[in-house]
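Chemist: Take this structure first; my questions come after.
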Amino acid sequence: MKVEILNLNGNYSIQKQVIAKIGDLINHKNLEPGDKLPSERMLSEKFKVTRGIIREAIQKLEFYGLLKSIPQSGTFVANIGVIALNGMIDDILTLEAPDFKSLVETRILLELKTARLAALRRTDDDLKKMQEALTAYTDKVLNGEDAMQEDLLFHLAIARASGNSTMNNFMLIITPEIITNFEKYHVCDSGMAQSGIEEHRRIYEAIEEQDPQKAKAMMKKHFKALYQYCYNI
């Protein structure tokens, strides 16, 4: 799995405009729950934006439960009343692009919980994926290479092992923006990367031992430097 580095802020304003237009389209055509939206290609042509932007807007509305995409069939209005749908779209449009500190706080809160749940629910396959990511991270750090993506892949493996799909989805959503900000602010120096090897190993061992309290404690210790860095920017 490769974590792609995306500039989410760059498309944020355009994405909000497309979300508003999709809402207007639903109202204008009086679409009911279960009705099908035009295809991505048709929406792209109608709104004069790329299909990628259309896809991102649809994925966001699907994440909030307003649309439902069915493979090989299309995208449909979810089973929600028009008043509630319009209200939720208005709320989505007022959301601000998250700042770095907010992302860090959210990530830490999520990861403390996912580490604990992963220790309770992990499978042998989960451990294998964590070990693979940890090995890749260690190899790159020892070779003096940038291991940021391998670091985050390790944490995403823990999120999957938590068995909580919502937490896993949140991690997948915020991860690209975290990577972008890490590069922008040069968060991870070589010293942090070196200490990360041992910290990751201890987190892995706690999850392997199925010790939820230890897993949470090791994750909290792992994020101490990042949290301090964030509030000293």
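So you can find residues: chains in the structure tokens are A, B, ... in the order shown, residues in each start at 1, and ligands are numbered from 1 in order.
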In region 2-212 of chain A, what's helix (DSSP H, G or I) per DSSP? Answer as an MDAnalysis selection string?
Modeler: chainID A and resid 8:28 40:47 51:63 82:94 100:121 124:142 148:161 165:185 190:208 212
Chemist: Need the shell around region 108-111 of chain A: protein/DNA/RNA residues with any atom at most 8 Å away, counting only C-alpha atoms. Skip same-chain ones fewer than 4 positions apart. Format as JSON, numbers by chain?
Modeler: {"A": [104, 115, 155, 159, 167, 171, 219, 220, 223]}
Chemist: Please write the residues from the selection above to a file, keeping all heavy atoms, as an mmCIF file, in the first residue's frame.
Modeler:
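The result, written out as result-v4.cif:
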data_model
loop_
_atom_site.group_PDB
_atom_site.id
_atom_site.type_symbol
_atom_site.label_atom_id
_atom_site.label_comp_id
_atom_site.auth_asym_id
_atom_site.auth_seq_id
_atom_site.Cartn_x
_atom_site.Cartn_y
_atom_site.Cartn_z
ATOM 1 N N VAL A 104 -2.925 17.176 14.391
ATOM 2 C CA VAL A 104 -2.085 16.461 15.353
ATOM 3 C C VAL A 104 -2.915 16.006 16.549
ATOM 4 O O VAL A 104 -2.823 14.858 16.984
ATOM 5 C CB VAL A 104 -0.907 17.348 15.815
ATOM 6 C CG1 VAL A 104 -0.190 16.715 17.003
ATOM 7 C CG2 VAL A 104 0.070 17.541 14.673
ATOM 8 N N ALA A 115 -4.605 1.976 19.231
ATOM 9 C CA ALA A 115 -3.563 1.110 19.799
ATOM 10 C C ALA A 115 -4.162 0.182 20.845
ATOM 11 O O ALA A 115 -3.855 -1.020 20.895
ATOM 12 C CB ALA A 115 -2.454 1.955 20.413
ATOM 13 N N HIS A 155 1.315 2.990 11.360
ATOM 14 C CA HIS A 155 0.176 3.457 12.160
ATOM 15 C C HIS A 155 -1.156 3.104 11.502
ATOM 16 O O HIS A 155 -2.140 2.819 12.194
ATOM 17 C CB HIS A 155 0.294 4.963 12.395
ATOM 18 C CG HIS A 155 1.391 5.321 13.339
ATOM 19 N ND1 HIS A 155 1.238 5.298 14.707
ATOM 20 C CD2 HIS A 155 2.680 5.684 13.120
ATOM 21 C CE1 HIS A 155 2.371 5.651 15.287
ATOM 22 N NE2 HIS A 155 3.262 5.883 14.339
ATOM 23 N N ALA A 159 -4.379 0.962 12.921
ATOM 24 C CA ALA A 159 -5.777 1.394 12.801
ATOM 25 C C ALA A 159 -6.638 0.279 12.228
ATOM 26 O O ALA A 159 -7.755 0.034 12.700
ATOM 27 C CB ALA A 159 -5.864 2.642 11.931
ATOM 28 N N MET A 167 -12.821 4.555 12.757
ATOM 29 C CA MET A 167 -11.515 5.092 13.130
ATOM 30 C C MET A 167 -10.508 4.909 11.999
ATOM 31 O O MET A 167 -9.701 5.803 11.721
ATOM 32 C CB MET A 167 -11.003 4.412 14.398
ATOM 33 C CG MET A 167 -11.742 4.814 15.653
ATOM 34 S SD MET A 167 -10.977 4.108 17.119
ATOM 35 C CE MET A 167 -12.046 4.793 18.400
ATOM 36 N N MET A 171 -8.458 7.878 9.961
ATOM 37 C CA MET A 171 -7.007 7.876 9.782
ATOM 38 C C MET A 171 -6.643 8.037 8.310
ATOM 39 O O MET A 171 -5.721 8.787 7.953
ATOM 40 C CB MET A 171 -6.408 6.588 10.335
ATOM 41 C CG MET A 171 -6.269 6.562 11.841
ATOM 42 S SD MET A 171 -5.001 7.711 12.430
ATOM 43 C CE MET A 171 -3.529 6.928 11.767
ATOM 44 N N MET A 219 2.094 4.238 22.908
ATOM 45 C CA MET A 219 1.695 5.159 21.851
ATOM 46 C C MET A 219 1.734 6.594 22.366
ATOM 47 O O MET A 219 2.181 7.510 21.660
ATOM 48 C CB MET A 219 0.288 4.822 21.345
ATOM 49 C CG MET A 219 -0.147 5.648 20.146
ATOM 50 S SD MET A 219 0.806 5.300 18.634
ATOM 51 C CE MET A 219 0.021 3.769 18.112
ATOM 52 N N LYS A 220 1.290 6.802 23.590
ATOM 53 C CA LYS A 220 1.300 8.139 24.177
ATOM 54 C C LYS A 220 2.737 8.665 24.288
ATOM 55 O O LYS A 220 3.015 9.823 23.988
ATOM 56 C CB LYS A 220 0.639 8.107 25.556
ATOM 57 C CG LYS A 220 0.460 9.472 26.185
ATOM 58 C CD LYS A 220 -0.333 9.371 27.483
ATOM 59 C CE LYS A 220 -0.568 10.760 28.080
ATOM 60 N NZ LYS A 220 -1.362 10.678 29.332
ATOM 61 N N PHE A 223 4.148 9.831 20.935
ATOM 62 C CA PHE A 223 3.667 11.107 20.416
ATOM 63 C C PHE A 223 4.054 12.303 21.279
ATOM 64 O O PHE A 223 3.708 13.440 20.942
ATOM 65 C CB PHE A 223 2.141 11.076 20.272
ATOM 66 C CG PHE A 223 1.683 10.367 19.022
ATOM 67 C CD1 PHE A 223 0.849 9.265 19.096
ATOM 68 C CD2 PHE A 223 2.094 10.802 17.776
ATOM 69 C CE1 PHE A 223 0.437 8.619 17.950
ATOM 70 C CE2 PHE A 223 1.687 10.159 16.618
ATOM 71 C CZ PHE A 223 0.849 9.063 16.710
#
Chemist: Residues near region 25-38 of chain A, anyone? I mean within 9 Å using only C-alpha atoms, not counting same-chain ones fewer than 3 positions away, as a PyMOL selection string.
Modeler: chain A and resi 20-22+41-43+68+73-82+86
Chemist: Those residues with C-alpha atoms, as a tab-separated table (two decimals), in the first residue's frame please?
Modeler:
chain	number	residue	atom	x	y	z
A	20	ALA	CA	-22.89	23.11	-3.12
A	21	LYS	CA	-23.72	22.52	-6.79
A	22	ILE	CA	-24.51	18.85	-6.15
A	41	ARG	CA	-18.32	12.41	-16.48
A	42	MET	CA	-21.61	14.29	-16.86
A	43	LEU	CA	-21.10	16.18	-13.59
A	68	LYS	CA	-24.24	6.09	-1.58
A	73	SER	CA	-24.43	1.04	-10.77
A	74	GLY	CA	-23.64	4.64	-9.88
A	75	THR	CA	-24.17	7.13	-7.08
A	76	PHE	CA	-27.52	7.50	-5.34
A	77	VAL	CA	-29.14	9.87	-2.88
A	78	ALA	CA	-29.05	8.27	0.56
A	79	ASN	CA	-32.15	7.49	2.60
A	80	ILE	CA	-32.39	10.87	4.31
A	81	GLY	CA	-35.02	13.60	4.13
A	82	VAL	CA	-34.40	16.65	1.96
A	86	ASN	CA	-29.76	20.38	2.94
Chemist: Please report as JSON lines every residue of region 87-179 of chain A lying within 9 Å of region 56-65 of chain A, along with the nearest atom pair and their distance in Å (one decimal), using only C-alpha atoms.
Modeler:
{"residue": "A:Met88", "atom": "CA", "partner": "A:Tyr64", "partner_atom": "CA", "distance": 8.3}
{"residue": "A:Ile89", "atom": "CA", "partner": "A:Leu61", "partner_atom": "CA", "distance": 8.0}
{"residue": "A:Ile92", "atom": "CA", "partner": "A:Leu61", "partner_atom": "CA", "distance": 8.6}
{"residue": "A:Asn169", "atom": "CA", "partner": "A:Phe63", "partner_atom": "CA", "distance": 8.9}
Chemist: Residues within 9 Å of Val18 (chain A), please, as a ChimeraX atom specification. Count only C-alpha atoms; anything in the same chain fewer than 4 positions from it doesn't count.
Modeler: /A:13-14,22-23,47,49,53-54,57
Chemist: Could you turn the residues from that selection into a file that holds N, CA, C and O atoms, as an mmCIF file, in the first residue's frame?
Modeler:
data_model
loop_
_atom_site.group_PDB
_atom_site.id
_atom_site.type_symbol
_atom_site.label_atom_id
_atom_site.label_comp_id
_atom_site.auth_asym_id
_atom_site.auth_seq_id
_atom_site.Cartn_x
_atom_site.Cartn_y
_atom_site.Cartn_z
ATOM 1 N N SER A 13 -11.364 24.683 -1.783
ATOM 2 C CA SER A 13 -12.357 25.676 -2.177
ATOM 3 C C SER A 13 -13.199 25.183 -3.347
ATOM 4 O O SER A 13 -14.432 25.321 -3.350
ATOM 5 N N ILE A 14 -12.544 24.596 -4.349
ATOM 6 C CA ILE A 14 -13.264 24.077 -5.515
ATOM 7 C C ILE A 14 -14.187 22.941 -5.104
ATOM 8 O O ILE A 14 -15.331 22.846 -5.555
ATOM 9 N N ILE A 22 -23.840 20.159 -6.216
ATOM 10 C CA ILE A 22 -24.515 18.854 -6.149
ATOM 11 C C ILE A 22 -25.781 18.986 -5.315
ATOM 12 O O ILE A 22 -26.836 18.427 -5.655
ATOM 13 N N GLY A 23 -25.688 19.739 -4.210
ATOM 14 C CA GLY A 23 -26.873 19.979 -3.394
ATOM 15 C C GLY A 23 -27.950 20.702 -4.184
ATOM 16 O O GLY A 23 -29.139 20.349 -4.117
ATOM 17 N N PHE A 47 -20.241 20.965 -14.415
ATOM 18 C CA PHE A 47 -19.645 21.897 -13.454
ATOM 19 C C PHE A 47 -18.282 22.436 -13.909
ATOM 20 O O PHE A 47 -17.696 23.274 -13.237
ATOM 21 N N VAL A 49 -15.258 21.052 -14.060
ATOM 22 C CA VAL A 49 -14.125 20.692 -13.206
ATOM 23 C C VAL A 49 -13.687 19.286 -13.578
ATOM 24 O O VAL A 49 -14.379 18.582 -14.320
ATOM 25 N N ILE A 53 -12.009 16.010 -9.018
ATOM 26 C CA ILE A 53 -12.682 16.894 -8.071
ATOM 27 C C ILE A 53 -14.099 16.385 -7.791
ATOM 28 O O ILE A 53 -14.562 16.381 -6.641
ATOM 29 N N ILE A 54 -14.789 15.959 -8.839
ATOM 30 C CA ILE A 54 -16.137 15.399 -8.670
ATOM 31 C C ILE A 54 -16.086 14.193 -7.743
ATOM 32 O O ILE A 54 -16.901 14.050 -6.813
ATOM 33 N N ALA A 57 -15.581 15.199 -4.098
ATOM 34 C CA ALA A 57 -16.801 15.771 -3.531
ATOM 35 C C ALA A 57 -17.817 14.671 -3.206
ATOM 36 O O ALA A 57 -18.444 14.680 -2.139
#
Chemist: Pull the strand (DSSP E) assignments for region 5-233 of chain A out of DSSP run on the backbone, and list those residues as a list of chain:residue names.
Modeler: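 Residues meeting the strand (DSSP E) criterion: A:Leu67, A:Lys68, A:Ser69, A:Ile70, A:Gly74, A:Thr75, A:Phe76, A:Val77.
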Chemist: Using N, CA, C and O atoms, can you export the residues from the last selection as a PDB file, in the first residue's frame?
Modeler:
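Result file is part_24.pdb:
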ATOM      1  N   LEU A  67     -24.747  10.506   0.295  1.00  0.00           N
ATOM      2  CA  LEU A  67     -24.804   9.771  -0.963  1.00  0.00           C
ATOM      3  C   LEU A  67     -24.331   8.338  -0.733  1.00  0.00           C
ATOM      4  O   LEU A  67     -23.668   8.049   0.262  1.00  0.00           O
ATOM      5  N   LYS A  68     -24.688   7.481  -1.670  1.00  0.00           N
ATOM      6  CA  LYS A  68     -24.237   6.087  -1.580  1.00  0.00           C
ATOM      7  C   LYS A  68     -23.814   5.631  -2.964  1.00  0.00           C
ATOM      8  O   LYS A  68     -24.602   5.674  -3.914  1.00  0.00           O
ATOM      9  N   SER A  69     -22.550   5.229  -3.089  1.00  0.00           N
ATOM     10  CA  SER A  69     -22.038   4.746  -4.373  1.00  0.00           C
ATOM     11  C   SER A  69     -22.092   3.226  -4.413  1.00  0.00           C
ATOM     12  O   SER A  69     -21.674   2.555  -3.467  1.00  0.00           O
ATOM     13  N   ILE A  70     -22.630   2.705  -5.509  1.00  0.00           N
ATOM     14  CA  ILE A  70     -22.726   1.260  -5.697  1.00  0.00           C
ATOM     15  C   ILE A  70     -21.918   0.889  -6.933  1.00  0.00           C
ATOM     16  O   ILE A  70     -22.185   1.413  -8.033  1.00  0.00           O
ATOM     17  N   GLY A  74     -23.646   3.188  -9.933  1.00  0.00           N
ATOM     18  CA  GLY A  74     -23.645   4.642  -9.879  1.00  0.00           C
ATOM     19  C   GLY A  74     -23.747   5.176  -8.472  1.00  0.00           C
ATOM     20  O   GLY A  74     -23.575   4.440  -7.489  1.00  0.00           O
ATOM     21  N   THR A  75     -24.060   6.463  -8.376  1.00  0.00           N
ATOM     22  CA  THR A  75     -24.172   7.134  -7.079  1.00  0.00           C
ATOM     23  C   THR A  75     -25.609   7.548  -6.851  1.00  0.00           C
ATOM     24  O   THR A  75     -26.255   8.121  -7.737  1.00  0.00           O
ATOM     25  N   PHE A  76     -26.107   7.288  -5.651  1.00  0.00           N
ATOM     26  CA  PHE A  76     -27.520   7.500  -5.343  1.00  0.00           C
ATOM     27  C   PHE A  76     -27.678   8.384  -4.108  1.00  0.00           C
ATOM     28  O   PHE A  76     -26.806   8.426  -3.237  1.00  0.00           O
ATOM     29  N   VAL A  77     -28.806   9.084  -4.061  1.00  0.00           N
ATOM     30  CA  VAL A  77     -29.138   9.875  -2.876  1.00  0.00           C
ATOM     31  C   VAL A  77     -29.454   8.911  -1.739  1.00  0.00           C
ATOM     32  O   VAL A  77     -30.213   7.958  -1.919  1.00  0.00           O
TER      33      VAL A  77
END
Chemist: Leaving out Lys129 (chain A) and any residue of its chain fewer than 2 positions from it, which residues lie within 10 Å of it when counting only C-alpha atoms, given as a PyMOL selection string?
Modeler: chain A and resi 124-127+131-135+153-154+156-158+160-161
Chemist: Skipping near chain neighbours, those fewer than 4 positions away, what residues fall within 6 Å of region 205-216 of chain A using only C-alpha atoms, listed as a PDB file with C-alpha atoms, in the first residue's frame?
Modeler:
ATOM      1  CA  LEU A 112      -4.325   6.156  21.551  1.00  0.00           C
ATOM      2  CA  ALA A 115      -3.563   1.110  19.799  1.00  0.00           C
ATOM      3  CA  ARG A 116      -5.654  -0.076  22.735  1.00  0.00           C
ATOM      4  CA  ALA A 119      -4.078  -4.982  21.342  1.00  0.00           C
ATOM      5  CA  LEU A 120      -7.478  -6.500  22.092  1.00  0.00           C
TER       6      LEU A 120
END
Chemist: Pick out the closest residue to Arg122 (chain A) from this set: A:Ser162, A:Thr175, A:Ser195, A:Thr50. Count only C-alpha atoms.
Modeler: A:Ser162
Chemist: Give me, please, the distance in Å between CA of Gln194 (chain A) and CA of Lys221 (chain A), quoted to one decimal.
Modeler: 14.8 Å
Chemist: Quick one: of A:Leu93, A:Leu117, A:Met218, A:Ile178, who's nearest to Leu152 (chain A), counting only C-alpha atoms?
Modeler: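 Looking only at the distances to Leu152 (chain A), the closest residue turns out to be A:Ile178.
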Chemist: Could you state the separation of CA of Leu172 (chain A) and CA of Gly196 (chain A) in Å, given to one decimal place?
Modeler: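 Taking CA of Leu172 (chain A) as the start and CA of Gly196 (chain A) as the end point, the length is 20.9 Å.
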Chemist: So, with only C-alpha atoms as the atoms that count, which of A:Met130, A:Ile173, A:Ile197, A:Leu142 lies closest to Leu103 (chain A)?
Modeler: A:Ile173
